[in-house]
Structure formats: C-alpha cells, structure tokens
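query-v3.csv (CSV, C-alpha atoms and all ligand atoms)
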chain,number,residue,atom,x,y,z
I,1,MET,CA,-4.7,1.1,-28.3
I,2,ALA,CA,-6.0,4.3,-29.8
I,3,HIS,CA,-9.7,5.2,-29.2
I,4,ASP,CA,-11.9,8.2,-30.1
I,5,ARG,CA,-11.2,11.5,-28.5
I,6,VAL,CA,-13.4,12.5,-25.6
I,7,PRO,CA,-12.8,16.3,-25.7
I,8,ASP,CA,-14.9,17.3,-22.7
I,9,PRO,CA,-15.2,14.2,-20.4
I,10,GLN,CA,-17.6,14.0,-17.5
I,11,ILE,CA,-15.5,13.0,-14.6
I,12,PHE,CA,-16.6,11.7,-11.2
I,13,VAL,CA,-14.0,12.0,-8.4
I,14,SER,CA,-15.0,9.9,-5.4
I,15,ARG,CA,-13.1,11.7,-2.6
I,16,ARG,CA,-11.6,15.1,-2.0
I,17,LEU,CA,-8.2,15.3,-3.6
I,18,PRO,CA,-5.3,17.7,-2.8
I,19,ASP,CA,-6.3,21.4,-3.6
I,20,GLN,CA,-3.8,21.6,-6.4
I,21,THR,CA,-5.2,18.5,-8.1
I,22,GLU,CA,-8.8,19.7,-7.8
I,23,SER,CA,-7.8,23.1,-9.2
I,24,ARG,CA,-6.0,21.5,-12.2
I,25,MET,CA,-9.0,19.2,-12.8
I,26,SER,CA,-11.4,22.1,-12.8
I,27,GLU,CA,-9.2,24.2,-15.1
I,28,LEU,CA,-8.7,21.4,-17.6
I,29,PHE,CA,-12.0,19.7,-17.5
I,30,SER,CA,-15.3,21.6,-17.3
I,31,GLY,CA,-17.0,18.2,-16.6
I,32,ALA,CA,-15.1,17.4,-13.5
I,33,GLN,CA,-17.5,16.6,-10.6
I,34,LEU,CA,-15.7,17.2,-7.4
I,35,ARG,CA,-16.9,16.3,-3.9
I,36,THR,CA,-17.6,18.9,-1.4
I,37,ASP,CA,-17.5,16.5,1.5
I,38,ASP,CA,-15.1,13.6,2.0
I,39,ARG,CA,-17.2,10.7,3.1
I,40,ALA,CA,-16.5,7.3,1.4
I,41,LEU,CA,-19.6,6.5,-0.6
I,42,GLU,CA,-21.7,3.3,-0.2
I,43,ARG,CA,-22.0,1.0,-3.1
I,44,ASP,CA,-25.4,2.2,-4.3
I,45,GLU,CA,-24.4,5.9,-4.0
I,46,LEU,CA,-21.3,5.2,-6.1
I,47,VAL,CA,-23.3,3.4,-8.7
I,48,ALA,CA,-25.7,6.3,-8.9
I,49,ARG,CA,-22.8,8.7,-9.4
I,50,LEU,CA,-21.5,6.5,-12.3
I,51,GLN,CA,-24.5,6.6,-14.5
I,52,ASP,CA,-23.6,9.5,-16.8
I,53,VAL,CA,-19.8,9.9,-16.6
I,54,ASP,CA,-16.9,9.0,-18.9
I,55,VAL,CA,-14.3,8.9,-16.2
I,56,PHE,CA,-14.3,7.7,-12.7
I,57,VAL,CA,-11.5,8.6,-10.2
I,58,PRO,CA,-11.7,6.2,-7.3
I,59,THR,CA,-9.4,5.6,-4.4
I,60,VAL,CA,-8.6,2.5,-2.3
I,61,THR,CA,-11.7,3.2,-0.2
I,62,ASP,CA,-14.0,2.5,-3.1
I,63,THR,CA,-14.9,-1.1,-3.9
I,64,VAL,CA,-15.1,-1.2,-7.7
I,65,ASP,CA,-16.0,-4.8,-8.2
I,66,ALA,CA,-17.8,-6.6,-11.0
I,67,ASP,CA,-21.2,-5.6,-9.6
I,68,VAL,CA,-20.3,-1.9,-9.5
I,69,ILE,CA,-18.8,-2.0,-13.0
I,70,SER,CA,-21.7,-3.9,-14.5
I,71,ARG,CA,-24.2,-1.3,-13.0
I,72,ALA,CA,-22.2,1.8,-14.1
I,73,GLY,CA,-23.6,3.7,-17.0
I,74,PRO,CA,-22.6,2.9,-20.6
I,75,ARG,CA,-20.5,6.0,-21.0
I,76,LEU,CA,-17.9,4.9,-18.4
I,77,LYS,CA,-14.6,4.3,-20.3
I,78,LEU,CA,-11.8,5.2,-18.0
I,79,ILE,CA,-11.2,4.4,-14.3
I,80,ALA,CA,-8.2,6.6,-13.3
I,81,ASN,CA,-7.3,5.4,-9.8
I,82,PHE,CA,-5.8,7.8,-7.3
I,83,GLY,CA,-3.2,5.3,-5.9
I,84,VAL,CA,-0.9,2.6,-7.2
I,85,GLY,CA,-2.7,-0.5,-5.7
I,86,VAL,CA,-5.6,-1.6,-7.9
I,87,ASP,CA,-6.8,-4.6,-5.8
I,88,HIS,CA,-10.1,-2.8,-5.1
I,89,ILE,CA,-10.9,-2.7,-8.8
I,90,ASP,CA,-12.0,-5.8,-10.7
I,91,LEU,CA,-9.6,-5.4,-13.6
I,92,LYS,CA,-11.1,-8.3,-15.6
I,93,ALA,CA,-14.7,-6.9,-15.3
I,94,ALA,CA,-13.4,-3.5,-16.4
I,95,HIS,CA,-11.4,-5.0,-19.3
I,96,ASP,CA,-14.4,-7.1,-20.4
I,97,ARG,CA,-16.5,-3.9,-20.6
I,98,GLY,CA,-13.8,-2.1,-22.5
I,99,ILE,CA,-13.0,0.2,-19.6
I,100,ILE,CA,-9.4,1.3,-19.3
I,101,VAL,CA,-7.9,1.3,-15.8
I,102,THR,CA,-4.9,3.5,-14.8
I,103,ASN,CA,-3.0,4.0,-11.5
I,104,THR,CA,-0.2,6.2,-10.1
I,105,PRO,CA,3.0,4.1,-10.0
I,106,GLY,CA,6.5,5.5,-9.1
I,107,VAL,CA,5.5,8.7,-7.3
I,108,LEU,CA,4.8,7.2,-3.9
I,109,THR,CA,7.7,4.7,-3.8
I,110,GLU,CA,10.1,6.7,-1.7
I,111,ASP,CA,7.4,7.8,0.8
I,112,THR,CA,6.1,4.3,1.3
I,113,ALA,CA,9.7,3.0,1.7
I,114,ASP,CA,10.4,5.8,4.3
I,115,MET,CA,7.2,4.7,6.2
I,116,THR,CA,8.4,1.1,6.1
I,117,MET,CA,11.7,2.1,7.7
I,118,ALA,CA,9.9,4.3,10.2
I,119,LEU,CA,7.8,1.2,11.2
I,120,ILE,CA,10.8,-1.0,11.4
I,121,LEU,CA,12.6,1.5,13.7
I,122,SER,CA,9.5,2.1,15.8
I,123,VAL,CA,8.8,-1.5,16.5
I,124,VAL,CA,12.4,-2.8,16.8
I,125,ARG,CA,13.5,0.1,19.0
I,126,ARG,CA,10.2,0.0,21.0
I,127,MET,CA,9.4,3.6,20.4
I,128,ARG,CA,5.6,3.2,20.9
I,129,GLU,CA,6.0,1.6,24.3
I,130,ALA,CA,8.6,4.2,25.3
I,131,GLY,CA,6.4,7.1,24.2
I,132,ARG,CA,3.5,5.7,26.1
I,133,MET,CA,5.6,5.3,29.2
I,134,LEU,CA,6.7,8.9,29.0
I,135,ARG,CA,3.2,10.3,28.5
I,136,SER,CA,1.7,8.3,31.2
I,137,GLY,CA,4.2,9.6,33.8
I,138,ASP,CA,5.8,6.2,34.3
I,139,TRP,CA,9.2,7.2,33.2
I,140,ALA,CA,11.5,7.3,36.2
I,141,GLY,CA,14.5,8.5,34.2
I,142,TRP,CA,17.4,6.9,32.3
I,143,ALA,CA,18.3,3.4,33.4
I,144,PRO,CA,20.8,1.0,32.0
I,145,THR,CA,18.3,-1.9,31.7
I,146,SER,CA,15.2,-0.1,30.5
I,147,LEU,CA,13.6,-0.2,27.1
I,148,ARG,CA,16.3,-2.1,25.3
I,149,GLY,CA,15.2,-2.8,21.8
I,150,ARG,CA,17.3,-4.5,19.1
I,151,ARG,CA,20.1,-3.1,16.9
I,152,ILE,CA,19.0,-2.7,13.3
I,153,GLY,CA,22.5,-2.9,11.8
I,154,GLY,CA,23.6,-6.5,11.0
I,155,LYS,CA,20.0,-7.8,11.0
I,156,ALA,CA,18.6,-9.8,8.0
I,157,LEU,CA,15.7,-8.1,6.3
I,158,GLY,CA,13.3,-10.3,4.3
I,159,ILE,CA,11.4,-8.5,1.6
I,160,VAL,CA,8.3,-10.1,0.1
I,161,GLY,CA,7.7,-8.5,-3.3
I,162,MET,CA,10.7,-6.8,-4.9
I,163,GLY,CA,9.0,-4.2,-7.0
I,164,ARG,CA,9.7,-0.5,-6.9
I,165,ILE,CA,8.8,-0.1,-3.2
I,166,GLY,CA,10.6,-3.3,-2.2
I,167,GLY,CA,13.7,-2.1,-4.0
I,168,ALA,CA,13.6,1.3,-2.3
I,169,VAL,CA,13.3,-0.4,1.1
I,170,ALA,CA,16.3,-2.6,0.2
I,171,ALA,CA,18.4,0.5,-0.6
I,172,ARG,CA,17.5,2.0,2.8
I,173,ALA,CA,18.2,-1.3,4.5
I,174,ASN,CA,21.7,-1.3,2.9
I,175,ALA,CA,22.3,2.2,4.4
I,176,PHE,CA,21.3,0.8,7.8
I,177,GLY,CA,23.8,-2.0,7.5
I,178,MET,CA,21.2,-4.8,7.2
I,179,SER,CA,21.6,-7.7,4.9
I,180,VAL,CA,18.8,-8.0,2.3
I,181,HIS,CA,16.9,-11.2,1.4
I,182,TYR,CA,13.9,-11.2,-1.0
I,183,HIS,CA,11.2,-13.4,-2.3
I,184,ASN,CA,9.8,-12.5,-5.6
I,185,ARG,CA,8.4,-14.4,-8.6
I,186,SER,CA,11.2,-13.4,-10.8
I,187,ARG,CA,14.8,-12.8,-9.8
I,188,MET,CA,16.4,-9.3,-10.3
I,189,ALA,CA,19.2,-8.8,-12.8
I,190,GLU,CA,22.5,-9.8,-11.4
I,191,ALA,CA,23.8,-6.2,-11.4
I,192,ALA,CA,20.7,-5.0,-9.4
I,193,GLU,CA,21.1,-7.8,-6.9
I,194,THR,CA,24.8,-7.0,-6.5
I,195,ALA,CA,24.1,-3.3,-6.1
I,196,LEU,CA,21.5,-4.0,-3.4
I,197,ARG,CA,23.6,-6.8,-1.8
I,198,ALA,CA,20.4,-8.9,-2.1
I,199,THR,CA,19.8,-12.6,-1.9
I,200,TRP,CA,16.9,-14.1,-3.8
I,201,TRP,CA,14.8,-16.9,-2.4
I,202,ASP,CA,12.6,-18.7,-4.8
I,203,ASP,CA,11.0,-20.5,-1.8
I,204,LEU,CA,9.3,-18.1,0.7
I,205,ASP,CA,9.1,-20.8,3.3
I,206,ALA,CA,12.9,-21.3,3.2
I,207,MET,CA,13.5,-17.6,3.6
I,208,LEU,CA,11.3,-17.0,6.6
I,209,PRO,CA,13.4,-18.8,9.3
I,210,GLU,CA,16.5,-16.8,8.1
I,211,VAL,CA,15.2,-13.3,8.5
I,212,ASP,CA,15.0,-11.0,11.6
I,213,ILE,CA,12.5,-8.6,10.1
I,214,LEU,CA,10.0,-9.4,7.3
I,215,THR,CA,8.4,-6.6,5.3
I,216,ILE,CA,5.6,-7.0,2.8
I,217,HIS,CA,5.7,-5.2,-0.6
I,218,CYS,CA,3.8,-7.4,-3.0
I,219,PRO,CA,0.4,-6.4,-4.5
I,220,LEU,CA,-2.8,-8.0,-3.1
I,221,THR,CA,-3.9,-10.7,-5.6
I,222,GLU,CA,-5.6,-14.1,-5.3
I,223,GLU,CA,-2.2,-15.7,-4.8
I,224,THR,CA,-1.0,-13.3,-2.1
I,225,ASP,CA,-4.3,-13.1,-0.1
I,226,GLY,CA,-3.5,-14.7,3.2
I,227,LEU,CA,0.1,-15.4,2.1
I,228,ILE,CA,1.5,-14.8,5.6
I,229,ASP,CA,-0.7,-17.2,7.5
I,230,ALA,CA,-0.4,-19.0,10.8
I,231,ARG,CA,1.9,-21.7,9.3
I,232,ARG,CA,4.2,-19.2,7.7
I,233,LEU,CA,4.3,-17.0,10.9
I,234,GLY,CA,5.3,-20.2,12.7
I,235,LEU,CA,8.3,-20.6,10.4
I,236,MET,CA,9.7,-17.2,11.5
I,237,LYS,CA,12.2,-16.8,14.4
I,238,GLU,CA,10.5,-16.1,17.8
I,239,ASP,CA,12.5,-12.8,18.0
I,240,ALA,CA,11.6,-11.6,14.5
I,241,TYR,CA,9.4,-8.7,13.5
I,242,LEU,CA,6.8,-8.3,10.8
I,243,VAL,CA,6.1,-5.0,9.0
I,244,ASN,CA,3.3,-4.5,6.4
I,245,THR,CA,2.8,-1.3,4.4
I,246,ALA,CA,1.2,-3.2,1.4
I,247,ARG,CA,-2.3,-4.5,2.0
I,248,GLY,CA,-3.8,-5.9,5.2
I,249,GLU,CA,-5.3,-9.0,3.6
I,250,ILE,CA,-1.8,-10.4,2.8
I,251,VAL,CA,-1.3,-11.1,6.5
I,252,ASP,CA,-3.7,-13.2,8.5
I,253,GLU,CA,-4.3,-10.6,11.3
I,254,ALA,CA,-5.8,-13.1,13.8
I,255,ALA,CA,-2.9,-15.4,13.4
I,256,LEU,CA,-0.5,-12.5,13.7
I,257,ALA,CA,-2.1,-11.3,16.9
I,258,ALA,CA,-2.1,-14.8,18.3
I,259,ALA,CA,1.6,-15.3,17.5
I,260,LEU,CA,2.5,-11.9,19.1
I,261,LYS,CA,0.5,-12.7,22.2
I,262,ALA,CA,2.1,-16.1,22.6
I,263,GLY,CA,5.6,-14.7,22.2
I,264,LYS,CA,6.1,-16.5,18.9
I,265,LEU,CA,7.1,-13.2,17.3
I,266,ALA,CA,8.7,-10.1,18.8
I,267,GLY,CA,6.6,-7.4,17.3
I,268,ALA,CA,4.8,-5.9,14.3
I,269,GLY,CA,4.5,-2.6,12.5
I,270,LEU,CA,1.3,-2.3,10.5
I,271,ASP,CA,0.1,0.5,8.2
I,272,VAL,CA,-2.6,-1.4,6.5
I,273,PHE,CA,-5.5,-3.6,7.6
I,274,SER,CA,-7.9,-6.1,6.0
I,275,ASP,CA,-11.1,-4.2,6.9
I,276,GLU,CA,-10.1,-0.6,7.0
I,277,PRO,CA,-10.9,1.6,8.9
I,278,ASN,CA,-11.6,-1.2,11.4
I,279,VAL,CA,-8.5,-2.5,13.3
I,280,PRO,CA,-8.8,-5.8,15.1
I,281,GLU,CA,-9.1,-5.4,18.9
I,282,ALA,CA,-6.6,-8.2,19.3
I,283,LEU,CA,-3.9,-6.0,17.7
I,284,LEU,CA,-5.0,-2.8,19.4
I,285,ALA,CA,-4.5,-4.6,22.8
I,286,LEU,CA,-0.9,-5.6,22.2
I,287,PRO,CA,2.0,-3.5,23.4
I,288,ASN,CA,4.6,-4.7,20.9
I,289,VAL,CA,2.7,-3.4,17.8
I,290,THR,CA,3.0,-0.1,16.1
I,291,LEU,CA,-0.2,0.7,14.2
I,292,GLN,CA,-0.7,3.4,11.6
I,293,PRO,CA,-3.8,4.5,9.6
I,294,HIS,CA,-2.8,3.6,6.0
I,295,MET,CA,-0.5,6.5,5.5
I,296,GLY,CA,2.5,5.2,3.5
I,297,SER,CA,1.9,7.7,0.7
I,298,ALA,CA,0.7,10.5,2.9
I,299,THR,CA,3.1,13.3,2.1
I,300,VAL,CA,2.2,16.6,0.5
I,301,GLU,CA,4.6,15.9,-2.3
I,302,GLY,CA,3.5,12.3,-2.9
I,303,ARG,CA,-0.2,13.1,-2.9
I,304,ARG,CA,0.3,16.0,-5.2
I,305,ALA,CA,2.3,13.8,-7.6
I,306,MET,CA,-0.4,11.2,-7.5
I,307,GLY,CA,-2.9,13.9,-8.4
I,308,ASP,CA,-0.7,15.0,-11.3
I,309,LYS,CA,-0.6,11.4,-12.6
I,310,VAL,CA,-4.4,11.1,-12.5
I,311,VAL,CA,-4.8,14.4,-14.4
I,312,THR,CA,-2.2,13.3,-17.0
I,313,ASN,CA,-3.8,9.9,-17.5
I,314,ILE,CA,-7.2,11.5,-18.0
I,315,ARG,CA,-5.8,14.2,-20.4
I,316,VAL,CA,-3.9,11.8,-22.6
I,317,TRP,CA,-6.9,9.4,-22.7
I,318,SER,CA,-9.3,12.2,-23.6
I,319,ASP,CA,-7.0,13.2,-26.4
I,320,GLY,CA,-7.5,9.7,-27.9
I,321,HIS,CA,-4.2,8.1,-26.8
I,322,ARG,CA,-3.1,5.3,-24.5
I,323,PRO,CA,-2.7,6.8,-21.0
I,324,PRO,CA,0.8,6.4,-19.6
I,325,ASP,CA,-0.2,4.4,-16.6
I,326,GLN,CA,-2.7,2.0,-18.1
I,327,VAL,CA,-2.7,-1.1,-16.0
I,328,LEU,CA,-3.8,-3.8,-18.5
I,329,GLU,CA,-3.6,-3.8,-22.3
B,401,LIG,C1,-1.8,3.0,-2.9
B,401,LIG,O1,-1.5,3.9,-3.6
B,401,LIG,O2,-2.0,1.9,-3.3
B,401,LIG,C2,-2.0,3.4,-1.5
B,401,LIG,O3,-2.0,2.3,-0.7
B,401,LIG,C3,-3.4,4.1,-1.3
B,401,LIG,O4,-4.3,3.5,-2.2

Using structure tokens, write down the structure that the file contains.
Amino acid sequence: MAHDRVPDPQIFVSRRLPDQTESRMSELFSGAQLRTDDRALERDELVARLQDVDVFVPTVTDTVDADVISRAGPRLKLIANFGVGVDHIDLKAAHDRGIIVTNTPGVLTEDTADMTMALILSVVRRMREAGRMLRSGDWAGWAPTSLRGRRIGGKALGIVGMGRIGGAVAARANAFGMSVHYHNRSRMAEAAETALRATWWDDLDAMLPEVDILTIHCPLTEETDGLIDARRLGLMKEDAYLVNTARGEIVDEAALAAALKAGKLAGAGLDVFSDEPNVPEALLALPNVTLQPHMGSATVEGRRAMGDKVVTNIRVWSDGHRPPDQVLE
C-alpha cells in the first residue's frame, strides 16, 4: 500500500551492523542513529530510543512485543528487521498500529543450510568428541575401533518446515546420498518433490519413527512453540539425531537433554536456544551434542546481503512505496 514519502527518516539501529551497511546507511540517511557499542538493550532503554524515530532496525536480540510497540513514539512507521525470523516482533501489534514490518529473506538461506549440514556432520561423525580427545592429550593414535560415527549416505533425513532453508538443506542432503522426508503444512509441487527426491508427510508423528536425522526449519509461531516435545522425541529412533538451526523454542530443551542422557537419542546439533545467550547446563554437560552460538547466517557475505536488504527496504519505504520484504500486508 502506498503511503506518504518520508524523505529524511530518523532511524534507530539497535546493534552494530557490518561496516558496509553502516556506511551505506550514513551516506543515504542523515537521520541514521548508529550504535557505538554493541550491547543488547534492555526493554526500557529500547523504548526510550524509539520515542522520536520513523524507522527501527532491530535484530533477533530485541524483544519487540506489544508493550514495546505500544510505548514507542507516534512517529514509528517501519520496523526493518535485520534477519529473516520475525518471531521476536509482535506482528499483530505492529499491524494494528499501522507499522510496517520487513525482514531479510533469501540471502541467508545457503549459509544456514551449510551450517545445518556442518552440524549434521559434526554430530553424526562425532567431531566434537574427537576434537576434545585430541586437545586433551587422550588420543593414543589411530585405532580400528575408535570414534566410529555413522555413515551419512543412505540415511533418511526428516525436514520439519520446507521453506527456502529446508529446500536448500534437502538439495545438500541429496548430494550426500540421503533420502529426504519432509513435514510441511503444504506439499511441494510434484516437480519440486521429484527434483529433491523428497517424500511429504502430512502427519509429523508418522514421519518421526522413519528418519535417522531430524532437522528443524520452520518459523517459531504459536503452533510450532514446543513442537518437538518429550512425546515426539519418544517417537524417534533411539539411534537418531536432532539438529536445530531455526529457533530454540521449537524443541523442548529439557526433554531433549533427558532423552540424550537416557540414550533415547544418539546426539544433537544445536545452533539456537530458547533463552539465548543462556544454554541449559543439562545440554552443556552432554558429550554427544554439538552446540553453536546462533551463527547460521554468520558469514561476511550473508550479513552484508542482509544489511543491503535492510537499506533497500528503508529506501523504498521512505520513497513512499511498498518495501520489497514487507512481512504482512
Ligand atoms: C535470522 O535471520 O532469523 C537469524 O536467525 C538471526 O536473526
């Protein structure tokens, strides 16, 4: 929907962004307020910074809920998120106040899919345990029986959420000789399914016992919060692995740690956690878990492209047009 032009918007950016993005923002928008430190702001600090701005550029570390949105100043008209996931933003509250929300889809797909494969390989081939053994001086040399992981080729990969990232993971899994199963609200077109050699499961519970590795790629919503709970983990094979590069809340972390400890699951690779940057002790204590600090999109190229998208969304919006990555109408 067209709106009035905002030729020189005041823009608050909540975190340090890549140098190139910050330079472009400063060149294009004299009202860009960039941070000099990189501390995530507390709720009240954030609200204070949103009193006299037209545009807010948050990241996943900012909770932009109904309270923050209702306390933001009346000028706020665009939330241009630096990231694709928008679960930290109350979209309805923004919409009800006439605030447009944009994100950065497409440009972090391949990097996140790469990280997913890295986690799969790390946990299935026991790379973390092996690296630890080597560094601690416990490696006594090559031995026929030591550190045997599992072969990736021929295994069944289950993908929950077949969007851009799920599809990119499926393509990689094909190259590794895995079979692909997926659970998604809607089924892919037949041609896409054939190209990815993918099998659709309408019923997630029915897919779980069939897969050797389960990987999560759906957005965090009310429906997916706690989706992989103790009951569903119990449906998986005891020698299966779980990988999550989406959002921590989708998996019940306590139930996952308990299942791993009890030998009801072979291992897990996690890039995301429900209370970042806090990681549950129960997971930290386990040997068969690879843990990463939310870095699926952390490449120089990816973060630069995310910044470009943020700048484009703001520029198009300030010219009075619909920004290309508007999340809701
Ligand atoms: C994303 O883009 O959603 C990443 O997880 C960081 O927010």

*Shell of 9 Å around ligand LIG 401 (chain B) (only C-alpha atoms and all ligand atoms), written as a list in words*: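 The residues near ligand LIG 401 (chain B) are Thr59, Val60, Thr61, Asn81, Phe82, Gly83, Val84, Gly85, Val86, Asp87, Asn103, Thr104, Pro105, Leu108, Thr112, Pro219, Thr245, Ala246, Arg247, Val272, His294, Met295, Gly296, Ser297, Ala298 and Met306 of chain I.
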
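Candidate residues I:Arg150, I:His321, I:Arg5, I:Arg71 were compared for distance to Glu45 of chain I, and the nearest is I:Arg71, using all atoms listed in the file.
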
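Nearest to Asp65 of chain I of all the residues I:Asp44, I:Asp202, I:Asp138, I:Asp90 is I:Asp90, counting all atoms listed in the file.
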
_Which residues are near Ile228 of chain I? Cut-off 8 Å, only C-alpha atoms, ignore same chain within fewer than 3 positions. Put them as a list in words._
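Everything that qualifies: Arg231, Arg232, Leu233, Ile250, Val251 and Asp252 of chain I.
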
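Near Pro287 of chain I, within 12 Å and counting all atoms listed in the file, sit Val123, Arg126, Met127, Arg128, Glu129, Ala130, Gly131, Arg132, Met133, Ala257, Leu260, Lys261, Gly263, Ala266, Gly267, Ala268, Gly269, Ala282, Leu283, Leu284, Thr290 and Leu291 of chain I; same-chain residues fewer than 3 positions away were not included.
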
*Proximity to Asp111 of chain I - best of I:Ala168, I:Val310, I:Val279, I:Val160, only C-alpha atoms*: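 Residue with the minimum atom-to-atom distance to Asp111 of chain I: I:Ala168.
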